[in-house]
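> The file below is final_12.pdb, PDB, C-alpha atoms, pLDDT in the B column:
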```pdb
ATOM      1  CA  MET A   1       0.000   0.000   0.000  1.00 78.00           C
ATOM      2  CA  SER A   2       1.265   3.443  -0.930  1.00 86.00           C
ATOM      3  CA  VAL A   3       1.566   6.260   1.625  1.00 92.00           C
ATOM      4  CA  PRO A   4       3.192   9.170  -0.242  1.00 93.00           C
ATOM      5  CA  ALA A   5       5.578  11.481   1.581  1.00 93.00           C
ATOM      6  CA  GLY A   6       4.748  15.163   1.722  1.00 93.00           C
ATOM      7  CA  LEU A   7       1.053  14.637   2.424  1.00 96.00           C
ATOM      8  CA  ARG A   8      -0.776  14.769   5.740  1.00 97.00           C
ATOM      9  CA  TYR A   9      -3.362  12.167   6.738  1.00 97.00           C
ATOM     10  CA  THR A  10      -6.442  11.819   8.926  1.00 96.00           C
ATOM     11  CA  ALA A  11      -7.511   8.889  11.072  1.00 94.00           C
ATOM     12  CA  GLU A  12     -10.593   8.725   8.796  1.00 95.00           C
ATOM     13  CA  HIS A  13      -8.277   7.975   5.818  1.00 96.00           C
ATOM     14  CA  GLU A  14      -8.310  11.284   3.952  1.00 97.00           C
ATOM     15  CA  TRP A  15      -5.124  12.864   2.628  1.00 97.00           C
ATOM     16  CA  VAL A  16      -4.340  16.545   2.211  1.00 97.00           C
ATOM     17  CA  ALA A  17      -1.654  18.190   0.085  1.00 96.00           C
ATOM     18  CA  VAL A  18      -0.977  21.762   1.182  1.00 93.00           C
ATOM     19  CA  ASP A  19       0.413  24.448  -1.124  1.00 92.00           C
ATOM     20  CA  GLY A  20       0.393  27.824   0.625  1.00 89.00           C
ATOM     21  CA  SER A  21      -3.232  28.508   1.558  1.00 90.00           C
ATOM     22  CA  SER A  22      -4.577  25.891  -0.866  1.00 94.00           C
ATOM     23  CA  ALA A  23      -5.254  22.279   0.080  1.00 96.00           C
ATOM     24  CA  SER A  24      -6.060  19.366  -2.243  1.00 97.00           C
ATOM     25  CA  ILE A  25      -8.006  16.542  -0.608  1.00 98.00           C
ATOM     26  CA  GLY A  26      -8.788  12.916  -1.394  1.00 98.00           C
ATOM     27  CA  ILE A  27      -9.044   9.516   0.248  1.00 97.00           C
ATOM     28  CA  THR A  28      -6.071   7.250   0.793  1.00 97.00           C
ATOM     29  CA  GLU A  29      -5.233   4.086  -1.080  1.00 96.00           C
ATOM     30  CA  TYR A  30      -6.025   2.155   2.102  1.00 95.00           C
ATOM     31  CA  ALA A  31      -9.559   3.631   2.154  1.00 94.00           C
ATOM     32  CA  ALA A  32     -10.067   3.058  -1.565  1.00 95.00           C
ATOM     33  CA  GLN A  33      -9.074  -0.613  -1.202  1.00 93.00           C
ATOM     34  CA  ALA A  34     -11.226  -1.081   1.906  1.00 93.00           C
ATOM     35  CA  LEU A  35     -14.261   0.426   0.174  1.00 93.00           C
ATOM     36  CA  GLY A  36     -13.982  -1.720  -2.934  1.00 94.00           C
ATOM     37  CA  ASP A  37     -15.195  -0.407  -6.284  1.00 96.00           C
ATOM     38  CA  VAL A  38     -16.273   3.221  -5.886  1.00 97.00           C
ATOM     39  CA  VAL A  39     -19.479   3.809  -7.857  1.00 97.00           C
ATOM     40  CA  TYR A  40     -20.504   7.323  -6.752  1.00 97.00           C
ATOM     41  CA  VAL A  41     -18.914  10.320  -5.019  1.00 97.00           C
ATOM     42  CA  SER A  42     -20.907  13.169  -3.455  1.00 97.00           C
ATOM     43  CA  LEU A  43     -18.636  16.189  -3.029  1.00 97.00           C
ATOM     44  CA  PRO A  44     -19.235  19.544  -1.335  1.00 97.00           C
ATOM     45  CA  ALA A  45     -20.283  22.339  -3.699  1.00 97.00           C
ATOM     46  CA  VAL A  46     -17.884  25.117  -4.638  1.00 98.00           C
ATOM     47  CA  GLY A  47     -18.305  27.900  -2.083  1.00 98.00           C
ATOM     48  CA  THR A  48     -19.172  25.520   0.764  1.00 97.00           C
ATOM     49  CA  ALA A  49     -17.450  26.171   4.087  1.00 97.00           C
ATOM     50  CA  VAL A  50     -15.871  22.985   5.441  1.00 97.00           C
ATOM     51  CA  THR A  51     -14.641  22.274   8.967  1.00 96.00           C
ATOM     52  CA  ALA A  52     -11.785  19.964   9.882  1.00 95.00           C
ATOM     53  CA  GLY A  53     -13.089  16.635  11.132  1.00 95.00           C
ATOM     54  CA  GLU A  54     -16.656  17.249   9.950  1.00 96.00           C
ATOM     55  CA  PRO A  55     -18.429  15.292   7.177  1.00 97.00           C
ATOM     56  CA  CYS A  56     -18.663  17.156   3.869  1.00 97.00           C
ATOM     57  CA  GLY A  57     -19.572  14.435   1.354  1.00 97.00           C
ATOM     58  CA  GLU A  58     -19.948  10.723   0.762  1.00 97.00           C
ATOM     59  CA  VAL A  59     -18.192   7.946  -1.099  1.00 97.00           C
ATOM     60  CA  GLU A  60     -20.405   5.076  -2.248  1.00 96.00           C
ATOM     61  CA  SER A  61     -18.965   1.726  -3.208  1.00 95.00           C
ATOM     62  CA  THR A  62     -20.314  -1.705  -4.008  1.00 91.00           C
ATOM     63  CA  LYS A  63     -19.778  -2.534  -0.304  1.00 89.00           C
ATOM     64  CA  SER A  64     -20.964   0.547   1.600  1.00 92.00           C
ATOM     65  CA  VAL A  65     -21.473   4.292   1.830  1.00 94.00           C
ATOM     66  CA  SER A  66     -18.857   6.201   3.823  1.00 95.00           C
ATOM     67  CA  ASP A  67     -18.702   9.810   4.939  1.00 96.00           C
ATOM     68  CA  LEU A  68     -16.003  12.035   3.501  1.00 97.00           C
ATOM     69  CA  TYR A  69     -14.417  14.321   6.104  1.00 97.00           C
ATOM     70  CA  SER A  70     -12.559  17.554   5.516  1.00 96.00           C
ATOM     71  CA  PRO A  71      -9.070  17.479   7.025  1.00 96.00           C
ATOM     72  CA  VAL A  72      -8.872  21.307   7.153  1.00 96.00           C
ATOM     73  CA  ASP A  73     -11.047  24.389   7.701  1.00 95.00           C
ATOM     74  CA  GLY A  74     -11.809  26.557   4.695  1.00 95.00           C
ATOM     75  CA  GLU A  75     -13.898  27.133   1.606  1.00 97.00           C
ATOM     76  CA  VAL A  76     -14.249  24.688  -1.280  1.00 98.00           C
ATOM     77  CA  VAL A  77     -12.872  26.347  -4.428  1.00 98.00           C
ATOM     78  CA  VAL A  78     -12.718  23.416  -6.892  1.00 97.00           C
ATOM     79  CA  VAL A  79     -14.245  19.943  -7.112  1.00 98.00           C
ATOM     80  CA  ASN A  80     -13.010  17.123  -9.313  1.00 98.00           C
ATOM     81  CA  SER A  81     -15.843  16.944 -11.854  1.00 97.00           C
ATOM     82  CA  GLU A  82     -14.133  13.964 -13.541  1.00 97.00           C
ATOM     83  CA  LEU A  83     -15.410  11.813 -10.665  1.00 97.00           C
ATOM     84  CA  GLU A  84     -19.013  12.361 -11.796  1.00 95.00           C
ATOM     85  CA  ASP A  85     -18.375  10.348 -14.961  1.00 95.00           C
ATOM     86  CA  ASP A  86     -15.616   8.092 -13.634  1.00 97.00           C
ATOM     87  CA  PRO A  87     -15.783   7.544  -9.853  1.00 97.00           C
ATOM     88  CA  GLY A  88     -13.438   4.573 -10.340  1.00 96.00           C
ATOM     89  CA  LEU A  89     -10.572   7.085 -10.544  1.00 97.00           C
ATOM     90  CA  VAL A  90     -10.696   7.057  -6.737  1.00 97.00           C
ATOM     91  CA  ASN A  91      -9.656   3.382  -6.806  1.00 96.00           C
ATOM     92  CA  ALA A  92      -7.273   3.638  -9.753  1.00 96.00           C
ATOM     93  CA  GLU A  93      -5.396   6.803  -8.731  1.00 97.00           C
ATOM     94  CA  PRO A  94      -6.335   7.885  -5.193  1.00 97.00           C
ATOM     95  CA  TYR A  95      -3.361  10.294  -4.953  1.00 97.00           C
ATOM     96  CA  GLY A  96      -3.578  11.504  -8.561  1.00 96.00           C
ATOM     97  CA  ALA A  97      -6.597  11.785 -10.856  1.00 97.00           C
ATOM     98  CA  GLY A  98      -8.840  10.540  -8.027  1.00 97.00           C
ATOM     99  CA  TRP A  99      -8.407  13.691  -5.904  1.00 98.00           C
ATOM    100  CA  MET A 100     -11.755  15.018  -4.693  1.00 98.00           C
ATOM    101  CA  PHE A 101     -11.770  18.747  -3.921  1.00 98.00           C
ATOM    102  CA  LYS A 102      -9.611  21.767  -3.166  1.00 98.00           C
ATOM    103  CA  VAL A 103     -10.026  24.187  -0.309  1.00 97.00           C
ATOM    104  CA  ARG A 104      -8.799  27.710   0.332  1.00 96.00           C
ATOM    105  CA  MET A 105      -7.797  27.213   3.951  1.00 94.00           C
ATOM    106  CA  ALA A 106      -9.031  29.569   6.639  1.00 83.00           C
ATOM    107  CA  ALA A 107      -6.422  31.834   8.217  1.00 77.00           C
ATOM    108  CA  GLY A 108      -5.280  30.987  11.720  1.00 65.00           C
ATOM    109  CA  ASP A 109      -4.509  33.400  14.543  1.00 65.00           C
ATOM    110  CA  GLY A 110      -1.278  34.471  12.860  1.00 63.00           C
ATOM    111  CA  GLU A 111      -3.106  35.284   9.597  1.00 70.00           C
ATOM    112  CA  GLU A 112      -1.543  32.205   7.987  1.00 73.00           C
ATOM    113  CA  PRO A 113      -3.541  28.987   7.574  1.00 80.00           C
ATOM    114  CA  THR A 114      -2.744  26.426  10.234  1.00 81.00           C
ATOM    115  CA  LEU A 115      -3.138  22.684   9.949  1.00 86.00           C
ATOM    116  CA  PRO A 116      -5.023  20.787  12.653  1.00 89.00           C
ATOM    117  CA  ALA A 117      -2.728  19.072  15.135  1.00 90.00           C
ATOM    118  CA  THR A 118      -4.625  15.823  14.521  1.00 92.00           C
ATOM    119  CA  LEU A 119      -3.195  15.411  11.003  1.00 95.00           C
ATOM    120  CA  MET A 120      -0.635  12.625  10.734  1.00 96.00           C
ATOM    121  CA  SER A 121       2.670  12.354   8.899  1.00 95.00           C
ATOM    122  CA  GLU A 122       3.142   9.573   6.364  1.00 94.00           C
ATOM    123  CA  ALA A 123       5.064   7.520   8.977  1.00 94.00           C
ATOM    124  CA  ASP A 124       2.264   7.897  11.534  1.00 94.00           C
ATOM    125  CA  TYR A 125      -0.396   7.008   8.973  1.00 95.00           C
ATOM    126  CA  ALA A 126       1.575   3.990   7.742  1.00 92.00           C
ATOM    127  CA  GLU A 127       1.796   2.794  11.353  1.00 92.00           C
ATOM    128  CA  LEU A 128      -1.955   3.305  11.846  1.00 92.00           C
ATOM    129  CA  THR A 129      -2.878   1.319   8.737  1.00 92.00           C
ATOM    130  CA  LYS A 130      -0.310  -1.387   9.473  1.00 88.00           C
ATOM    131  CA  GLY A 131      -2.173  -2.033  12.714  1.00 71.00           C
ATOM    132  CA  LEU A 132      -5.505  -2.191  10.871  1.00 77.00           C
ATOM    133  CA  GLN A 133      -4.262  -4.701   8.288  1.00 64.00           C
ATOM    134  CA  GLN A 134      -3.223  -7.308  10.839  1.00 45.00           C
TER     135      GLN A 134
END
```
Can you dump the structure from the file as structure tokens?


Amino acid sequence: MSVPAGLRYTAEHEWVAVDGSSASIGITEYAAQALGDVVYVSLPAVGTAVTAGEPCGEVESTKSVSDLYSPVDGEVVVVNSELEDDPGLVNAEPYGAGWMFKVRMAAGDGEEPTLPATLMSEADYAELTKGLQQ
């Protein structure tokens, strides 16, 4: 299972790639494999305010429906419209073409966006999922 460096991860199996005040978000390869074949993705609309740790969409697979959680606070600025026609991209390329949405992160106290302390490094996430696979 792939856990790319340079990303941050949630215990709910979302990943976030931060570039300045912009954050790209998707679900991890572990989540995509656990879900099975993704058949539908419900994403937050552009302009929606999202809160770290709160549900903001759903991922439906042949096995189940799972909530999608935002790893950061901010406003949705782009959604991956490709997933409407090809939700299987989530399984095929969870860290690439299967990304889900982008957020303009809310500024913290120091006027710069801050990441929640609950986000994990790739090493921490790999350890978490290693324990789940046993």

> Fewer than 5 positions away in the same chain doesn't count, so skip those; otherwise give me all residues within 6 Å of stretch 90-104 of chain A, counting all atoms listed in the file, as a list of chain:residue names.

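My list of contacting residues is A:Ser21, A:Ser22, A:Ala23, A:Ser24, A:Ile25, A:Gly26, A:Glu29, A:Ala32, A:Gly74, A:Glu75, A:Val76, A:Val77, A:Val78, A:Val79, A:Asn80.
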
> Keeping only C-alpha atoms, write those residues as an mmCIF file, in the coordinates of the input.


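For reference, result-v8.cif as written:
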```
data_model
loop_
_atom_site.group_PDB
_atom_site.id
_atom_site.type_symbol
_atom_site.label_atom_id
_atom_site.label_comp_id
_atom_site.auth_asym_id
_atom_site.auth_seq_id
_atom_site.Cartn_x
_atom_site.Cartn_y
_atom_site.Cartn_z
ATOM 1 C CA SER A 21 -3.232 28.508 1.558
ATOM 2 C CA SER A 22 -4.577 25.891 -0.866
ATOM 3 C CA ALA A 23 -5.254 22.279 0.080
ATOM 4 C CA SER A 24 -6.060 19.366 -2.243
ATOM 5 C CA ILE A 25 -8.006 16.542 -0.608
ATOM 6 C CA GLY A 26 -8.788 12.916 -1.394
ATOM 7 C CA GLU A 29 -5.233 4.086 -1.080
ATOM 8 C CA ALA A 32 -10.067 3.058 -1.565
ATOM 9 C CA GLY A 74 -11.809 26.557 4.695
ATOM 10 C CA GLU A 75 -13.898 27.133 1.606
ATOM 11 C CA VAL A 76 -14.249 24.688 -1.280
ATOM 12 C CA VAL A 77 -12.872 26.347 -4.428
ATOM 13 C CA VAL A 78 -12.718 23.416 -6.892
ATOM 14 C CA VAL A 79 -14.245 19.943 -7.112
ATOM 15 C CA ASN A 80 -13.010 17.123 -9.313
#
```

> On this file, the PyMOL selection byres ((chain A and resi 124-133) around 12) gives some set of residues; write that set as an MDAnalysis selection string.

chainID A and resid 1:5 7:15 28:31 33:34 118:123 134

> Report, in Å with one decimal, the straight-line distance from atom CA of A:Val16 to atom CA of A:Lys63.

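Here the two named atoms are 24.7 Å from each other.
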
> Given the PyMOL selection byres ((chain A and resi 57) around 9) and the file above, list the residues it selects as a ChimeraX atom specification.

/A:41-44,55-56,58-59,66-70

> With all atoms listed in the file as the basis for distance, which of A:Glu84, A:Asp73, A:Asp19, A:Glu112 is at the shortest distance from A:Ala52?

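Comparing A:Glu84, A:Asp73, A:Asp19, A:Glu112 against A:Ala52, the winner is A:Asp73.
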
> Determine the nearest neighbour of A:Leu35 from the options A:Val65, A:Leu89, A:Ala106, A:Ala17, counting all atoms listed in the file.

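Residue with the minimum atom-to-atom distance to A:Leu35: A:Val65.
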
> Provide the atom CA of A:Pro71 to atom CA of A:Glu111 distance in Å, to one decimal place.

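Here the two named atoms are 19.0 Å from each other.
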
> Which distance in Å separates atom CA of A:Tyr40 and atom CA of A:Glu60, to one decimal?

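Pair atom CA of A:Tyr40 / atom CA of A:Glu60 returns 5.0 Å.
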
> Which residue out of A:Gly88, A:Pro116, A:Gly20, A:Gly6 has the minimum interatomic distance to A:Val38 when only C-alpha atoms are used?

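When distances to A:Val38 are compared using only C-alpha atoms, the smallest one comes from A:Gly88.
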